[in-house]
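So this block is work07.cif, mmCIF, C-alpha atoms:
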```
data_coords
loop_
_atom_site.label_atom_id
_atom_site.label_comp_id
_atom_site.auth_asym_id
_atom_site.auth_seq_id
_atom_site.Cartn_x
_atom_site.Cartn_y
_atom_site.Cartn_z
CA MET A 69 -66.87 131.33 -30.29
CA LYS A 70 -69.00 130.98 -27.14
CA LYS A 71 -70.35 134.29 -25.87
CA ILE A 72 -71.03 134.56 -22.13
CA LEU A 73 -73.01 137.62 -21.13
CA ILE A 74 -73.24 138.74 -17.50
CA VAL A 75 -75.94 141.29 -16.73
CA GLY A 76 -75.17 143.09 -13.48
CA GLY A 77 -71.92 144.22 -11.85
CA GLY A 78 -72.66 143.55 -8.19
CA MET A 79 -71.15 140.83 -6.07
CA GLY A 80 -72.65 137.85 -7.93
CA GLY A 81 -71.86 139.13 -11.41
CA THR A 82 -68.35 140.24 -10.51
CA ILE A 83 -67.35 137.00 -8.80
CA LEU A 84 -68.82 134.99 -11.67
CA ALA A 85 -66.97 137.02 -14.31
CA ASN A 86 -63.63 136.69 -12.51
CA ASN A 87 -64.17 133.02 -11.73
CA LEU A 88 -64.91 132.33 -15.42
CA ALA A 89 -61.99 134.41 -16.67
CA ARG A 90 -59.59 132.36 -14.56
CA ARG A 91 -61.09 129.02 -15.57
CA LEU A 92 -61.16 130.00 -19.26
CA THR A 93 -57.88 131.91 -19.56
CA SER A 94 -56.62 130.01 -22.59
CA GLU A 95 -60.04 130.03 -24.29
CA LEU A 96 -60.22 133.82 -23.83
CA LYS A 97 -56.74 134.27 -25.29
CA SER A 98 -57.44 132.06 -28.28
CA GLY A 99 -60.78 133.76 -28.99
CA LYS A 100 -62.87 130.65 -28.30
CA VAL A 101 -64.76 132.48 -25.54
CA ARG A 102 -65.87 136.04 -24.95
CA ILE A 103 -67.02 137.26 -21.52
CA THR A 104 -69.00 140.50 -21.49
CA MET A 105 -70.39 142.32 -18.46
CA LEU A 106 -73.12 144.95 -18.68
CA SER A 107 -73.68 147.10 -15.61
CA ALA A 108 -75.69 150.16 -14.68
CA SER A 109 -72.74 151.77 -12.86
CA GLU A 110 -69.00 152.30 -13.22
CA LYS A 111 -68.77 151.99 -9.44
CA HIS A 112 -69.09 148.87 -7.31
CA MET A 113 -70.65 149.36 -3.88
CA TYR A 114 -69.88 147.25 -0.81
CA GLN A 115 -73.50 147.16 0.30
CA PRO A 116 -72.99 145.69 3.81
CA GLY A 117 -71.01 148.85 4.59
CA LEU A 118 -74.24 150.87 4.60
CA LEU A 119 -75.05 149.48 8.06
CA TYR A 120 -71.89 151.11 9.42
CA LEU A 121 -72.47 154.33 7.49
CA ALA A 122 -75.85 154.68 9.23
CA VAL A 123 -74.22 154.76 12.68
CA GLY A 124 -71.20 156.87 11.70
CA LYS A 125 -68.60 154.10 11.72
CA ILE A 126 -67.43 154.65 8.14
CA THR A 127 -67.71 157.36 5.47
CA PRO A 128 -69.26 156.94 1.99
CA ASP A 129 -65.95 156.85 0.10
CA GLU A 130 -65.09 153.58 1.85
CA LEU A 131 -68.04 151.89 0.14
CA TYR A 132 -66.82 152.15 -3.44
CA ARG A 133 -64.24 150.90 -5.95
CA ASP A 134 -64.12 151.34 -9.72
CA GLN A 135 -65.83 148.27 -11.18
CA ALA A 136 -63.27 147.97 -13.99
CA SER A 137 -60.47 147.71 -11.41
CA LEU A 138 -62.09 144.58 -9.92
CA LEU A 139 -62.29 142.62 -13.16
CA GLU A 140 -59.75 140.18 -14.59
CA PRO A 141 -58.11 141.14 -17.88
CA GLY A 142 -60.03 139.82 -20.85
CA ILE A 143 -63.49 140.63 -19.47
CA GLU A 144 -65.27 143.20 -21.63
CA PHE A 145 -66.99 145.69 -19.37
CA HIS A 146 -69.64 148.19 -20.48
CA VAL A 147 -71.58 150.69 -18.39
CA ASP A 148 -74.71 150.16 -20.41
CA PRO A 149 -77.68 148.64 -18.59
CA VAL A 150 -80.00 146.22 -20.34
CA GLU A 151 -83.44 147.55 -21.20
CA GLU A 152 -84.83 144.70 -23.26
CA PHE A 153 -84.40 140.94 -22.92
CA LYS A 154 -85.07 138.94 -26.10
CA LEU A 155 -84.64 135.45 -24.70
CA ASP A 156 -85.99 133.64 -27.77
CA ASN A 157 -83.29 135.33 -29.88
CA ASN A 158 -80.50 135.01 -27.27
CA GLN A 159 -80.10 138.78 -27.32
CA VAL A 160 -80.39 141.82 -25.07
CA LYS A 161 -80.76 145.46 -26.05
CA THR A 162 -79.12 148.12 -23.90
CA LYS A 163 -79.82 151.71 -22.93
CA SER A 164 -77.38 152.97 -25.56
CA GLY A 165 -79.30 151.05 -28.24
CA LYS A 166 -76.70 148.31 -28.76
CA THR A 167 -77.61 144.66 -29.13
CA PHE A 168 -75.55 141.95 -27.45
CA ASP A 169 -75.83 138.26 -28.44
CA TYR A 170 -75.07 135.42 -26.08
CA ASP A 171 -74.75 131.67 -25.91
CA TYR A 172 -75.05 131.76 -22.12
CA MET A 173 -76.40 134.60 -20.03
CA ALA A 174 -76.29 135.17 -16.26
CA ILE A 175 -78.64 137.75 -14.78
CA ALA A 176 -77.47 139.22 -11.48
CA THR A 177 -79.11 142.62 -11.25
CA GLY A 178 -79.80 142.52 -7.50
CA SER A 179 -82.69 144.09 -5.65
CA ARG A 180 -83.86 147.50 -4.46
CA MET A 181 -85.68 148.68 -1.40
CA PHE A 182 -89.36 149.47 -1.89
CA PRO A 183 -90.60 151.53 1.08
CA GLU A 184 -93.21 153.07 -1.25
CA GLY A 185 -95.22 149.86 -0.86
CA ILE A 186 -96.30 150.88 2.66
CA PRO A 187 -98.38 154.07 2.99
CA GLY A 188 -96.51 156.69 5.02
CA MET A 189 -93.24 154.76 5.20
CA VAL A 190 -91.17 157.08 3.01
CA GLU A 191 -92.26 160.14 5.00
CA GLY A 192 -92.18 158.49 8.41
CA ALA A 193 -89.14 156.23 8.58
CA GLU A 194 -85.37 156.25 8.33
CA THR A 195 -83.50 153.45 6.62
CA PHE A 196 -80.00 152.63 5.37
CA TYR A 197 -80.24 150.66 2.12
CA THR A 198 -78.76 153.41 -0.06
CA GLU A 199 -75.91 155.84 0.52
CA ASP A 200 -78.29 158.81 0.74
CA SER A 201 -80.73 157.13 3.12
CA ALA A 202 -77.93 155.82 5.38
CA LEU A 203 -76.40 159.29 5.65
CA LYS A 204 -79.82 160.81 6.31
CA MET A 205 -80.42 158.23 9.03
CA PHE A 206 -77.06 159.04 10.68
CA LYS A 207 -77.86 162.76 10.69
CA ARG A 208 -81.26 162.00 12.23
CA LEU A 209 -79.64 159.83 14.91
CA GLN A 210 -77.12 162.54 15.73
CA SER A 211 -79.89 165.09 16.32
CA PHE A 212 -82.15 162.66 18.23
CA GLU A 213 -82.52 163.70 21.84
CA GLY A 214 -84.39 160.70 23.20
CA GLY A 215 -87.68 158.82 23.07
CA LYS A 216 -89.01 155.60 21.65
CA VAL A 217 -87.10 154.09 18.73
CA VAL A 218 -88.99 151.40 16.84
CA ILE A 219 -87.45 149.01 14.31
CA THR A 220 -89.81 147.53 11.74
CA VAL A 221 -89.17 144.82 9.15
CA GLY A 222 -90.71 144.33 5.70
CA VAL A 223 -90.49 141.19 3.57
CA PRO A 224 -88.70 140.17 1.51
CA HIS A 225 -85.63 142.17 2.47
CA LYS A 226 -81.96 142.16 1.64
CA CYS A 227 -79.59 140.88 4.36
CA PRO A 228 -81.49 138.70 6.84
CA MET A 229 -79.33 139.76 9.78
CA ALA A 230 -79.80 143.52 9.24
CA PRO A 231 -82.84 143.83 11.55
CA LEU A 232 -80.95 142.34 14.49
CA GLU A 233 -77.68 144.05 13.66
CA ILE A 234 -79.10 147.56 13.43
CA THR A 235 -81.03 147.01 16.67
CA PHE A 236 -77.97 145.91 18.64
CA MET A 237 -75.81 148.60 17.02
CA LEU A 238 -78.37 151.28 17.88
CA HIS A 239 -78.36 150.08 21.48
CA ASP A 240 -74.59 150.60 21.68
CA TYR A 241 -74.76 153.85 19.69
CA PHE A 242 -77.12 155.43 22.23
CA LYS A 243 -75.18 153.92 25.13
CA ASP A 244 -71.98 155.53 23.84
CA ARG A 245 -73.78 158.86 23.62
CA GLY A 246 -74.82 158.50 27.27
CA MET A 247 -78.49 158.30 26.27
CA SER A 248 -79.43 154.81 27.48
CA ASP A 249 -81.83 156.22 30.07
CA LYS A 250 -83.50 158.48 27.49
CA VAL A 251 -84.03 155.92 24.72
CA GLU A 252 -86.44 152.99 24.61
CA LEU A 253 -85.76 150.48 21.81
CA GLN A 254 -88.58 148.35 20.44
CA TYR A 255 -87.95 145.69 17.82
CA THR A 256 -90.71 144.17 15.69
CA TYR A 257 -90.59 141.11 13.44
CA PRO A 258 -93.06 139.58 10.94
CA ILE A 259 -93.16 136.00 12.25
CA GLY A 260 -93.64 134.44 15.68
CA ARG A 261 -90.05 134.80 16.90
CA VAL A 262 -87.37 137.52 16.66
CA HIS A 263 -85.62 136.00 13.63
CA SER A 264 -86.53 133.62 10.83
CA LEU A 265 -83.70 131.27 11.78
CA GLU A 266 -84.89 129.48 14.90
CA ASN A 267 -81.43 129.07 16.43
CA VAL A 268 -80.62 132.73 15.78
CA ALA A 269 -83.92 133.71 17.43
CA LYS A 270 -83.07 131.53 20.44
CA TRP A 271 -79.83 133.44 20.84
CA ALA A 272 -81.14 136.94 20.02
CA ALA A 273 -84.25 137.07 22.25
CA PRO A 274 -82.31 136.59 25.53
CA GLU A 275 -79.74 139.15 24.29
CA MET A 276 -82.55 141.65 23.84
CA ASP A 277 -83.94 140.80 27.28
CA LYS A 278 -80.50 141.39 28.79
CA LEU A 279 -80.12 144.76 27.07
CA GLY A 280 -83.64 145.93 27.84
CA ILE A 281 -84.76 145.90 24.20
CA LYS A 282 -88.50 145.23 23.91
CA TYR A 283 -89.82 143.14 21.05
CA GLU A 284 -93.12 142.32 19.41
CA THR A 285 -93.46 139.36 17.03
CA PHE A 286 -96.11 138.67 14.38
CA PHE A 287 -95.91 142.34 13.41
CA ASN A 288 -96.30 142.97 9.66
CA ILE A 289 -96.44 146.63 8.94
CA LYS A 290 -99.56 147.86 7.16
CA GLU A 291 -99.17 151.63 7.29
CA VAL A 292 -97.36 154.49 8.98
CA ASP A 293 -99.12 157.60 10.23
CA ALA A 294 -96.14 159.93 10.01
CA LYS A 295 -98.01 162.90 11.53
CA LYS A 296 -99.25 161.09 14.63
CA LYS A 297 -96.14 158.86 14.68
CA VAL A 298 -98.09 155.62 14.86
CA LEU A 299 -97.39 152.27 13.19
CA LYS A 300 -100.25 149.97 12.29
CA SER A 301 -99.82 146.25 11.61
CA GLU A 302 -101.69 143.74 9.47
CA GLU A 303 -102.38 141.89 12.71
CA GLY A 304 -104.31 144.89 14.04
CA ASN A 305 -101.80 146.26 16.53
CA GLU A 306 -100.55 149.85 16.85
CA ILE A 307 -97.23 151.15 18.17
CA ASN A 308 -96.32 154.79 18.87
CA TYR A 309 -92.83 155.93 18.03
CA ASP A 310 -90.57 158.96 18.18
CA LEU A 311 -88.04 157.60 15.69
CA LEU A 312 -88.89 154.86 13.20
CA ILE A 313 -86.16 152.76 11.59
CA THR A 314 -87.25 150.41 8.84
CA ILE A 315 -85.79 147.42 7.08
CA PRO A 316 -87.99 147.98 4.01
CA ALA A 317 -89.45 145.31 1.81
CA HIS A 318 -87.50 144.82 -1.42
CA LYS A 319 -88.25 144.18 -5.07
CA GLY A 320 -86.14 142.94 -7.91
CA MET A 321 -85.16 145.34 -10.66
CA GLU A 322 -87.95 147.03 -12.57
CA VAL A 323 -86.47 146.10 -15.96
CA LEU A 324 -87.02 142.40 -15.19
CA GLU A 325 -90.66 142.96 -14.31
CA LYS A 326 -91.20 145.12 -17.41
CA ASN A 327 -89.74 142.36 -19.58
CA GLY A 328 -91.99 139.75 -17.96
CA LEU A 329 -89.09 137.77 -16.50
CA GLY A 330 -90.60 137.51 -13.03
CA GLN A 331 -93.24 138.92 -10.71
CA SER A 332 -91.87 141.80 -8.61
CA GLY A 333 -88.56 141.41 -10.45
CA TRP A 334 -87.75 137.98 -8.98
CA ILE A 335 -86.91 135.45 -11.70
CA PRO A 336 -88.18 131.87 -11.26
CA THR A 337 -84.96 129.89 -10.85
CA ASN A 338 -84.04 126.26 -10.39
CA LYS A 339 -82.68 126.04 -6.83
CA THR A 340 -79.77 123.68 -7.60
CA LYS A 341 -78.99 124.24 -11.29
CA LEU A 342 -79.56 128.03 -11.09
CA ASN A 343 -81.05 128.20 -14.59
CA MET A 344 -84.09 130.36 -15.22
CA GLU A 345 -87.12 128.04 -15.25
CA GLY A 346 -87.83 127.02 -18.86
CA ARG A 347 -84.46 128.23 -20.19
CA ASP A 348 -81.31 126.12 -20.31
CA ASN A 349 -78.88 128.89 -21.30
CA VAL A 350 -80.10 131.66 -18.96
CA PHE A 351 -78.92 131.60 -15.35
CA VAL A 352 -79.79 133.73 -12.36
CA LEU A 353 -77.73 134.73 -9.34
CA GLY A 354 -78.10 136.41 -5.96
CA ASP A 355 -81.05 138.57 -4.95
CA THR A 356 -82.52 138.29 -8.45
CA THR A 357 -83.71 134.67 -8.02
CA ASN A 358 -87.01 133.62 -6.49
CA ILE A 359 -85.26 130.83 -4.57
CA PRO A 360 -86.57 130.85 -0.98
CA ILE A 361 -83.23 131.57 0.68
CA SER A 362 -81.51 134.65 2.11
CA LYS A 363 -80.98 137.66 -0.11
CA ALA A 364 -77.39 138.11 1.00
CA GLY A 365 -73.99 138.76 -0.55
CA SER A 366 -72.78 135.34 0.51
CA THR A 367 -75.67 133.68 -1.32
CA ALA A 368 -74.64 135.46 -4.52
CA HIS A 369 -71.01 134.54 -3.83
CA PHE A 370 -71.60 130.80 -3.38
CA GLU A 371 -74.02 130.68 -6.29
CA ALA A 372 -71.42 132.45 -8.48
CA ASP A 373 -68.78 129.88 -7.46
CA THR A 374 -71.12 127.07 -8.55
CA LEU A 375 -72.19 128.74 -11.77
CA GLY A 376 -68.60 129.69 -12.67
CA GLU A 377 -67.55 126.07 -12.41
CA ASN A 378 -70.60 124.93 -14.39
CA LEU A 379 -70.37 127.48 -17.22
CA ALA A 380 -66.66 126.79 -17.65
CA ALA A 381 -67.46 123.07 -17.82
CA MET A 382 -70.24 123.68 -20.32
CA VAL A 383 -67.75 125.47 -22.57
CA LYS A 384 -65.15 122.72 -22.14
CA ILE A 385 -67.16 119.49 -21.99
CA GLY A 386 -70.67 120.59 -22.85
CA MET A 387 -72.30 119.92 -19.48
CA PRO A 388 -72.43 121.28 -15.92
CA VAL A 389 -70.58 119.51 -13.11
CA LYS A 390 -71.98 120.89 -9.86
CA GLU A 391 -75.20 121.72 -8.02
CA TYR A 392 -75.79 124.64 -5.65
CA ASP A 393 -76.49 123.31 -2.15
CA GLY A 394 -78.12 126.44 -0.74
CA LYS A 395 -75.04 127.53 1.23
CA VAL A 396 -75.30 130.90 2.99
CA PHE A 397 -72.91 132.51 5.49
CA CYS A 398 -73.88 135.60 7.48
CA PHE A 399 -72.01 137.56 10.09
CA ILE A 400 -74.24 138.86 12.89
CA GLU A 401 -73.08 142.07 14.57
CA ALA A 402 -74.31 141.95 18.17
CA GLY A 403 -73.38 145.53 19.00
CA LYS A 404 -70.38 147.75 18.39
CA ASP A 405 -67.72 145.23 19.37
CA ARG A 406 -69.17 141.68 19.43
CA ALA A 407 -70.40 139.44 16.64
CA SER A 408 -71.45 135.91 15.80
CA TYR A 409 -72.19 134.15 12.52
CA ALA A 410 -74.64 131.74 10.94
CA MET A 411 -73.85 129.22 8.21
CA PHE A 412 -76.52 126.99 6.68
CA ASP A 413 -77.71 125.32 3.50
CA TYR A 414 -80.86 123.65 2.16
CA LYS A 415 -80.47 120.69 4.52
CA ASN A 416 -78.60 121.97 7.56
CA PRO A 417 -79.83 124.77 9.84
CA PRO A 418 -77.32 127.15 11.45
CA ASP A 419 -76.03 126.82 14.98
CA PRO A 420 -74.81 130.29 15.94
CA LYS A 421 -72.48 130.59 18.93
CA ALA A 422 -72.37 133.32 21.56
CA PRO A 423 -70.97 136.59 20.12
CA THR A 424 -67.28 137.32 20.61
CA LYS A 425 -64.95 140.23 19.98
CA ALA A 426 -62.84 137.99 17.72
CA VAL A 427 -65.70 137.43 15.26
CA HIS A 428 -66.47 141.16 15.29
CA TRP A 429 -62.88 141.99 14.37
CA PHE A 430 -62.96 139.35 11.66
CA LYS A 431 -66.04 141.07 10.26
CA MET A 432 -64.17 144.37 10.37
CA ALA A 433 -61.34 142.72 8.45
CA TYR A 434 -63.82 141.23 5.97
CA ASN A 435 -65.16 144.72 5.26
CA LYS A 436 -61.74 145.29 3.64
CA LEU A 437 -61.21 141.74 2.40
CA TYR A 438 -64.46 142.05 0.41
CA TRP A 439 -62.52 143.63 -2.43
CA ILE A 440 -60.39 140.48 -2.68
CA SER A 441 -63.54 138.40 -2.48
CA ALA A 442 -65.14 140.32 -5.36
CA ARG A 443 -62.06 139.59 -7.43
CA GLY A 444 -62.80 135.92 -6.83
CA LEU A 445 -59.70 135.29 -4.73
CA LEU A 446 -61.34 134.65 -1.34
CA MET B 244 -111.98 129.24 -10.13
CA ALA B 245 -108.40 130.42 -9.98
CA GLU B 246 -105.64 127.83 -9.80
CA LYS B 247 -104.14 127.19 -6.39
CA ILE B 248 -100.97 129.22 -5.76
CA ILE B 249 -98.09 127.04 -4.57
CA VAL B 250 -95.58 128.62 -2.18
CA ASP B 251 -92.57 126.33 -2.21
CA GLY B 252 -90.69 126.91 1.04
CA ARG B 253 -88.97 123.53 1.07
CA GLY B 254 -85.36 123.76 2.27
CA SER B 255 -85.85 127.35 3.37
CA PHE B 256 -84.47 128.08 6.82
CA CYS B 257 -84.15 131.78 6.09
CA PRO B 258 -86.40 133.58 5.29
CA GLY B 259 -88.52 130.47 5.86
CA PRO B 260 -91.95 129.29 4.73
CA LEU B 261 -94.04 131.82 6.69
CA MET B 262 -92.04 134.75 5.32
CA GLU B 263 -92.43 133.29 1.82
CA LEU B 264 -96.17 133.05 2.41
CA ILE B 265 -96.34 136.69 3.60
CA VAL B 266 -94.63 137.75 0.36
CA ALA B 267 -96.92 135.59 -1.78
CA LEU B 268 -100.06 136.95 -0.12
CA LYS B 269 -99.09 140.50 -1.11
CA SER B 270 -99.54 139.70 -4.79
CA ALA B 271 -102.44 137.22 -4.41
CA GLN B 272 -106.07 138.25 -4.88
CA VAL B 273 -108.73 138.09 -2.17
CA GLY B 274 -110.32 134.64 -2.47
CA ASP B 275 -107.20 132.95 -3.87
CA GLU B 276 -106.28 129.58 -2.38
CA LEU B 277 -102.61 129.05 -1.50
CA GLU B 278 -100.68 125.94 -0.51
CA VAL B 279 -97.39 126.28 1.38
CA LEU B 280 -94.88 123.43 1.05
CA SER B 281 -92.50 123.23 3.98
CA THR B 282 -89.84 120.85 5.25
CA ASP B 283 -89.88 122.74 8.56
CA LYS B 284 -92.25 121.20 11.09
CA GLY B 285 -92.43 124.48 13.05
CA SER B 286 -94.20 126.11 10.10
CA ALA B 287 -97.09 123.71 10.51
CA ASN B 288 -97.79 125.44 13.84
CA ASP B 289 -96.64 129.00 13.04
CA ILE B 290 -98.61 129.47 9.83
CA PRO B 291 -102.09 128.64 11.20
CA GLU B 292 -101.37 130.82 14.25
CA TRP B 293 -100.40 133.76 12.05
CA LEU B 294 -103.38 133.25 9.70
CA ASN B 295 -105.66 133.39 12.72
CA LYS B 296 -104.07 136.66 13.95
CA VAL B 297 -104.26 138.36 10.55
CA GLY B 298 -107.68 137.04 9.55
CA HIS B 299 -106.99 134.81 6.56
CA GLU B 300 -108.74 131.43 6.32
CA TYR B 301 -106.77 128.39 7.41
CA ILE B 302 -108.01 125.31 5.58
CA SER B 303 -105.82 122.30 6.37
CA THR B 304 -102.41 120.80 7.08
CA THR B 305 -101.22 117.44 5.80
CA GLU B 306 -97.82 115.77 5.93
CA SER B 307 -96.33 113.49 3.32
CA GLU B 308 -92.77 112.15 3.19
CA GLY B 309 -91.39 114.93 5.38
CA VAL B 310 -93.17 117.76 3.55
CA TRP B 311 -95.98 119.70 5.24
CA HIS B 312 -98.73 121.06 2.97
CA ILE B 313 -100.57 123.99 4.55
CA THR B 314 -103.60 125.23 2.64
CA LEU B 315 -105.29 128.59 3.17
CA ARG B 316 -107.39 131.27 1.53
CA LYS B 317 -106.67 135.01 1.32
CA LYS B 318 -109.60 136.77 2.96
CA LYS B 319 -108.71 140.47 2.87
#
```

Write out the structure in this file as structure tokens.
Amino acid sequence: MKKILIVGGGMGGTILANNLARRLTSELKSGKVRITMLSASEKHMYQPGLLYLAVGKITPDELYRDQASLLEPGIEFHVDPVEEFKLDNNQVKTKSGKTFDYDYMAIATGSRMFPEGIPGMVEGAETFYTEDSALKMFKRLQSFEGGKVVITVGVPHKCPMAPLEITFMLHDYFKDRGMSDKVELQYTYPIGRVHSLENVAKWAAPEMDKLGIKYETFFNIKEVDAKKKVLKSEEGNEINYDLLITIPAHKGMEVLEKNGLGQSGWIPTNKTKLNMEGRDNVFVLGDTTNIPISKAGSTAHFEADTLGENLAAMVKIGMPVKEYDGKVFCFIEAGKDRASYAMFDYKNPPDPKAPTKAVHWFKMAYNKLYWISARGLL
Amino acid sequence: MAEKIIVDGRGSFCPGPLMELIVALKSAQVGDELEVLSTDKGSANDIPEWLNKVGHEYISTTESEGVWHITLRKKK
């Protein structure tokens, strides 16, 4: 019997498990293969929904489904996070004390925000990368009576479009509240343009000009003085604020760092084969890799499609059949009712078009279709 | 002397080589030498400009078979 172990029940792990279960239906039934998933939670969160929660467009219950309900029959699911990785023995040990063996393992444990890395950030800024922080941010927005709102961006961060999206959505949020003349929005970004993707920056900067949103580039946050309400950058600049919104820097999961799998919890990963460097039966998906591409749900999705096909082939013919080409797809909300998108891979940059209402409504539909996507059907 | 730290940003449109360098510098030690590999020509201009603003030492840029090698030293 071949044992496939999937560590992590987020988007990458879930799509991979379902993809494999479909490709290996007969092998599962005959007992030639076992697929086991270990997750830290019985719930599955639709993380992109947090952006909407922060501006009051959805409520928390809309973010969740029971993880077990998303998985194909035949997948063994345990809420029992891994605490120890014994790669030389092809084993992991879990929180409950159990040991799981594997022939192939996929690690897809995701990432977590790390605002603690910047002095004063936790006390001084609002963010939206967890349910609690997104709700707190919405309450703060609702009680905000006007002033200077500054958006700051740490690296690396989850969802490359989030800085632009929250900025444009905040513009429309304040406009809808009749506060446009009382609120000044200032966007900051770490590199020399308003987005890492050049073509997205070329589109977004004129949009900001049109909407009266100020921006400062080459701004890497160094510290926040929460009492004086001042931001200081590595480049030596200072910005005053009344309300600070941050896209915080992220780290991989602590358990990976503790087990020495990768600095800051990012596992060194082959960018096309998706195996952990130096291991031919350990694979890595989504935010967890150190591959220099977007930490986004779509990245995890496309990587899971590739790895699903490869692992199934390895079970059937003993070798992989496909390489990951770096494909990423991101919607870009340009306000409350317009959106664009960017699609790119290792070789081809994106060419985003002007935002339309049609793309926005497709994104709204995708917020529901996600649950079909997680099942591996879309 | 510590080994040079390689920041492989080849094929990275997003977040891109400069963002990868910013991340790498966080965990590097003062005095460490880093080399960024990039297939994006724009990085060859952006990275020295940013290093100058922040105060790290820019050492050199070379190009070979479509890959730019930008070398620098962490100064603070």

For chain A, list the residues within 10 Å of chain B, counting all atoms listed in the file, and write the list as a PDB file with C-alpha atoms, in the coordinates of the input.
```pdb
ATOM      1  CA  GLY A 222     -90.710 144.330   5.700  1.00  0.00           C
ATOM      2  CA  VAL A 223     -90.490 141.190   3.570  1.00  0.00           C
ATOM      3  CA  PRO A 224     -88.700 140.170   1.510  1.00  0.00           C
ATOM      4  CA  HIS A 225     -85.630 142.170   2.470  1.00  0.00           C
ATOM      5  CA  PRO A 228     -81.490 138.700   6.840  1.00  0.00           C
ATOM      6  CA  PRO A 258     -93.060 139.580  10.940  1.00  0.00           C
ATOM      7  CA  ILE A 259     -93.160 136.000  12.250  1.00  0.00           C
ATOM      8  CA  GLY A 260     -93.640 134.440  15.680  1.00  0.00           C
ATOM      9  CA  ARG A 261     -90.050 134.800  16.900  1.00  0.00           C
ATOM     10  CA  HIS A 263     -85.620 136.000  13.630  1.00  0.00           C
ATOM     11  CA  SER A 264     -86.530 133.620  10.830  1.00  0.00           C
ATOM     12  CA  LEU A 265     -83.700 131.270  11.780  1.00  0.00           C
ATOM     13  CA  GLU A 266     -84.890 129.480  14.900  1.00  0.00           C
ATOM     14  CA  PHE A 286     -96.110 138.670  14.380  1.00  0.00           C
ATOM     15  CA  PHE A 287     -95.910 142.340  13.410  1.00  0.00           C
ATOM     16  CA  ASN A 288     -96.300 142.970   9.660  1.00  0.00           C
ATOM     17  CA  SER A 301     -99.820 146.250  11.610  1.00  0.00           C
ATOM     18  CA  GLU A 302    -101.690 143.740   9.470  1.00  0.00           C
ATOM     19  CA  GLU A 303    -102.380 141.890  12.710  1.00  0.00           C
ATOM     20  CA  GLY A 304    -104.310 144.890  14.040  1.00  0.00           C
ATOM     21  CA  ALA A 317     -89.450 145.310   1.810  1.00  0.00           C
ATOM     22  CA  GLN A 331     -93.240 138.920 -10.710  1.00  0.00           C
ATOM     23  CA  SER A 332     -91.870 141.800  -8.610  1.00  0.00           C
ATOM     24  CA  LYS A 339     -82.680 126.040  -6.830  1.00  0.00           C
ATOM     25  CA  ASN A 358     -87.010 133.620  -6.490  1.00  0.00           C
ATOM     26  CA  ILE A 359     -85.260 130.830  -4.570  1.00  0.00           C
ATOM     27  CA  PRO A 360     -86.570 130.850  -0.980  1.00  0.00           C
ATOM     28  CA  ILE A 361     -83.230 131.570   0.680  1.00  0.00           C
ATOM     29  CA  SER A 362     -81.510 134.650   2.110  1.00  0.00           C
ATOM     30  CA  LYS A 363     -80.980 137.660  -0.110  1.00  0.00           C
ATOM     31  CA  ASP A 393     -76.490 123.310  -2.150  1.00  0.00           C
ATOM     32  CA  GLY A 394     -78.120 126.440  -0.740  1.00  0.00           C
ATOM     33  CA  VAL A 396     -75.300 130.900   2.990  1.00  0.00           C
ATOM     34  CA  PHE A 412     -76.520 126.990   6.680  1.00  0.00           C
ATOM     35  CA  ASP A 413     -77.710 125.320   3.500  1.00  0.00           C
ATOM     36  CA  TYR A 414     -80.860 123.650   2.160  1.00  0.00           C
ATOM     37  CA  LYS A 415     -80.470 120.690   4.520  1.00  0.00           C
ATOM     38  CA  ASN A 416     -78.600 121.970   7.560  1.00  0.00           C
ATOM     39  CA  PRO A 417     -79.830 124.770   9.840  1.00  0.00           C
ATOM     40  CA  PRO A 418     -77.320 127.150  11.450  1.00  0.00           C
TER      41      PRO A 418
END
```

message = as a PyMOL selection string, please: the residues near Ala271 (chain B) (cut-off 10 Å, only C-alpha atoms, same-chain neighbours under 6 positions excluded).
response = chain B and resi 248+277+316-317

Can those selected residues be exported to a file as a PDB file, in the frame of the given file so that it contains C-alpha atoms?
```pdb
ATOM      1  CA  ILE B 248    -100.970 129.220  -5.760  1.00  0.00           C
ATOM      2  CA  LEU B 277    -102.610 129.050  -1.500  1.00  0.00           C
ATOM      3  CA  ARG B 316    -107.390 131.270   1.530  1.00  0.00           C
ATOM      4  CA  LYS B 317    -106.670 135.010   1.320  1.00  0.00           C
TER       5      LYS B 317
END
```

Just so the selection is clear, what residues does the PyMOL selection byres ((chain A and resi 79) around 7) cover here, as a short mmCIF file (atom, residue, chain, number, x, y, z; two decimals) with C-alpha atoms, keeping the file's coordinate frame?
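Below is the file that was written, result_21.cif:
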```
data_model
loop_
_atom_site.label_atom_id
_atom_site.label_comp_id
_atom_site.auth_asym_id
_atom_site.auth_seq_id
_atom_site.Cartn_x
_atom_site.Cartn_y
_atom_site.Cartn_z
CA GLY A 77 -71.92 144.22 -11.85
CA GLY A 78 -72.66 143.55 -8.19
CA GLY A 80 -72.65 137.85 -7.93
CA GLY A 81 -71.86 139.13 -11.41
CA THR A 82 -68.35 140.24 -10.51
CA ILE A 83 -67.35 137.00 -8.80
CA GLY A 365 -73.99 138.76 -0.55
CA ALA A 368 -74.64 135.46 -4.52
CA HIS A 369 -71.01 134.54 -3.83
CA ALA A 442 -65.14 140.32 -5.36
#
```

Let me have the centre and edge lengths of the axis-aligned box enclosing all listed atoms of region 272-278 of chain B with 8 Å padding on every side, in Å to one decimal, as lines of an AutoDock Vina configuration file.
```
center_x = -105.5
center_y = 132.1
center_z = -2.7
size_x = 25.6
size_y = 28.3
size_z = 20.4
```
